[in-house]
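The block underneath contains the structure these notes are about, expressed in structure tokens.
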Amino acid sequence: MTQPPPPPNQPPQQPGFGPPQDPGQQPDPSAAQQQPPQPEQPATPPAQPPAAPAGPDLTKAPEPGYGYPQAPQTPPPAGPPTPAQGPGYGYPQQPPAAGYGYPGQQPGPYGHPTPPAGYGQPGPYGQPQQQPYGQPGYGYPHATVPMQPQAQPPGGRRRFNPQVAIIVAAVAAIALIVGGGVMYAAGKDDDKKNSADSGGDKGGTDAKGGDSGGTTGGTSGASEKAPDDPASKVLFQVPAPKPPKDSSSIVVAGSWLTDKVYAKSGIAEIVGYDRDKGTKLWTVKLPGPVCEASRHTTDDNRTAIVYKPAMPTKSEPQSCTEVAAIDLEAGKELWTKTAKAGTRPISFNNVTVSGDTVAAGSTSGGAAWEIGSGKQLWAPKPSDSCYDSGYGGGPKLVAVRKCGPYSQRQLHIQTIDPKSGKVVTEYKMSEGIEYASVVSTDPLVVAADVGDSAGDGSGISDFFSVDNKTGKLRARISAPGDDYAARCDGITKIEKCSGLAVGQDKLYIATEEHEGTGKYSDTNEIIAFDLATGKQTGQRADAGDGYTLTPLRMDGGNVIAYKRPPYDKGGEIVSIDGGSFKQTTLLRNPSTESVRDAETSMLPEYSEILFSDGRLYMSEVFASDYESSRKEYLLIAFGTG
């Protein structure tokens with residue numbers, strides 16, 4: 001789950017694009033968008049063209065091979081390189097030996113939220129996060145075949161020795177039969193169970209990016225329709241703001257869509273723009289910058305943010321103590337509240353909305369308010385031996401509650417009543433897991449880096465599918481960082497995840513990039529896991545040579561995904577049918593150089609991307625004083641028709 005490489009052969013940078021701006025208004029650089037490094041030119045190809053690499057086969061049971069010893073192969077000087085061969089994504093990982101892992105790093109001090117890695121700021125990714133998960137074999141039994149590091153060829157691509165792979169496959173098969181291991185791939189006996197008709201029984205559409213329960217039958221509940229012509233144009237763009245004098249970077253996180261408004265955080269403000277024209281409809285001024293913003297809204301388009309009470313300075317960095325409710329239709333602040341842990345104001349790390357409740361979490365505990373009136377529903381108590389580090393919102397409200405001393409930490413994943421805070425169901429994770437992210441609240445899916453075993457800073461080694469009604473574990477899904485491109489920041493931002501979507505009682509996740517069939521081209525896939533069994537369903541959507549697919553959200557039974565383009569194309573938004581996995585293009589951006597430069601600076605891993613009704617909005621989450629030779633933007637809007 002490492003950062004994707006920049007597009008190959010990046011063309012020369014060009015000036016700005018789109019509708020003309022005020023000549024007197026000069027854009028400022030954005031913190032989130034440091035210019036991607038220029039890729040190295042490809043090496044001179046061999047005398048004979050390389051053989052087409054074999055991409056991962058995700059429709060069959062994966063073959064073993066990662067970690068098995070292999071003698072380095074030296075190909076003949078003029079011969080083609082050995083084609084890439086490897087196990088399918090989702091191959092079950094072996095349980096680590098007892099005693100692995102070590103204590104994770106504590107979150108930073110109040111008032112200093114740590115930006116996620118990838119935004120051009122130092123982040124928590126890559127820091128030790130969890131202790132050992134617990135006893136080997138939890139969730140599903142695993143084979144215990146010894147694993148050793150495998151030599152890799154130049155370029156970082158894994159290669160298999162076919163003879164070794166055949167021997168290893170036989171050994172692993174026997175080990176799995178004896179140990180009762182479970183392969184995360186659909187077999188013949190699982191075809192009916194893992195078909196599209198076996199989705200969950202809960203329906204719902206969330207065109208704004210929230211959780212969506214599943215309904216049977218691919219396109220059920222989908223609202224996005226393919227236009228006659230998916231070609232888009234730039235609707236408007238807003239130049240990147242300049243941070244205050246005493247700040248090198250500042251948070252501008254938060255973006256929302258209503259039927260009429262696209263709202264976006266700026267520096268110490270939230271601005272509502274006309275969805276098509278980009279004209280300012282309203283502005284909510286704040287005394288300090290936004291720290292965090294909920295991605296969820298109520299049915300009548302109210303949401304919540306956390307912000308600082310004043311602009312930070314070198315001597316007074318300020319803390320994220322203010323929680324506010326914002327009416328996105330009227331363009332006004334409804335109320336601002338604070339909470340205390342004892343006598344000290346709480347500096348909040350995250351905020352979310354579920355029903356009519358605003359809930360915010362921190363290392364000092366969590367608090368909640370009624371979104372209409374601002375009435376406080378709960379706050380930390382001095383007698384509490386546990387604390388709510390954060391919440392997941394949307395259809396249900398889920399708390400990540402930390403209990404026990406640091407050396408014996410245990411996380412309680414609690415579905416709670418949003419009005420009273422009463423625990424409805426609870427799932428206790430094994431002792432030693434320090435951080436967890438709420439991927440979805442209905443169905444309930446939690447991600448964690450067990451024992452810091454992901455090894456790539458993604459924050460994910462495993463997903464846990466939990467029954468909301470009973471609190472019992474339904475399935476545990478292994479998601480090795482080398483194979484999957486999802487990321488979560490469970491340290492402070494409990495809901496901050498990318499590269500995945502949940503719906504139809506399935507987890508849809510992007511794979512890491514790998515070699516495509518074209519020259520020097522990479523690609524990837526989106527595959528599905530059944531949340532009831534933990535197995536792959538056998539469904540796969542291919543990005544195509546040069547493109548990279550990233551799930552954004554559900555649209556009824558379909559998956560809305562962004563396709564990062566190759567260097568000479570524009571990006572696309574596609575709808576993936578939840579049953580057939582057939583892709584339908586909903587929007588295709590211009591391929592002009594200036595537009596491509598701006599678009600590729602706002603990729604899903606680093607930015608906020610919203611799509612609805614033929615309109616795509618891409619925006620930054622940081623503004624900085626970073627000097628760039630190209631024009632920087634706070635946001636860009638594209639539209640069809």
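In the structure tokens, the first chain shown is A, the next is B, and so on; residue numbers restart at 1 for each chain, and ligands run from 1 in the order shown.
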
request  = Identify all residues of stretch 355-535 of chain A in helix (DSSP H, G or I) (DSSP on the backbone) and supply them as JSON, numbers by chain.
outcome  = {"A": [406, 407, 408, 450, 451, 452]}

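Checking A:Ser580, A:Glu632, A:Asp555, A:Ser247 one by one against A:Gly221, counting only C-alpha atoms, you find the shortest gap at A:Asp555.
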
Give one line per residue of stretch 244-292 of chain A that approaches stretch 482-500 of chain A to at most 12 Å, naming the two atoms of the closest pair and their distance in Å to one decimal, counting only C-alpha atoms; sort by chain then ascending residue number and deliver it as JSON lines.
{"residue": "A:Ala253", "atom": "CA", "partner": "A:Lys496", "partner_atom": "CA", "distance": 11.5}
{"residue": "A:Gly254", "atom": "CA", "partner": "A:Lys496", "partner_atom": "CA", "distance": 11.9}
{"residue": "A:Cys291", "atom": "CA", "partner": "A:Lys493", "partner_atom": "CA", "distance": 10.8}
{"residue": "A:Glu292", "atom": "CA", "partner": "A:Lys493", "partner_atom": "CA", "distance": 8.5}

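Candidate residues A:Lys381, A:His412, A:Arg615, A:Thr640 were compared for distance to A:Val261, and the nearest is A:Arg615, using only C-alpha atoms.
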
request  = Please indicate the distance in Å from atom CA of A:Asp327 to atom CA of A:Val400, rounded to one decimal place.
outcome  = 27.1 Å
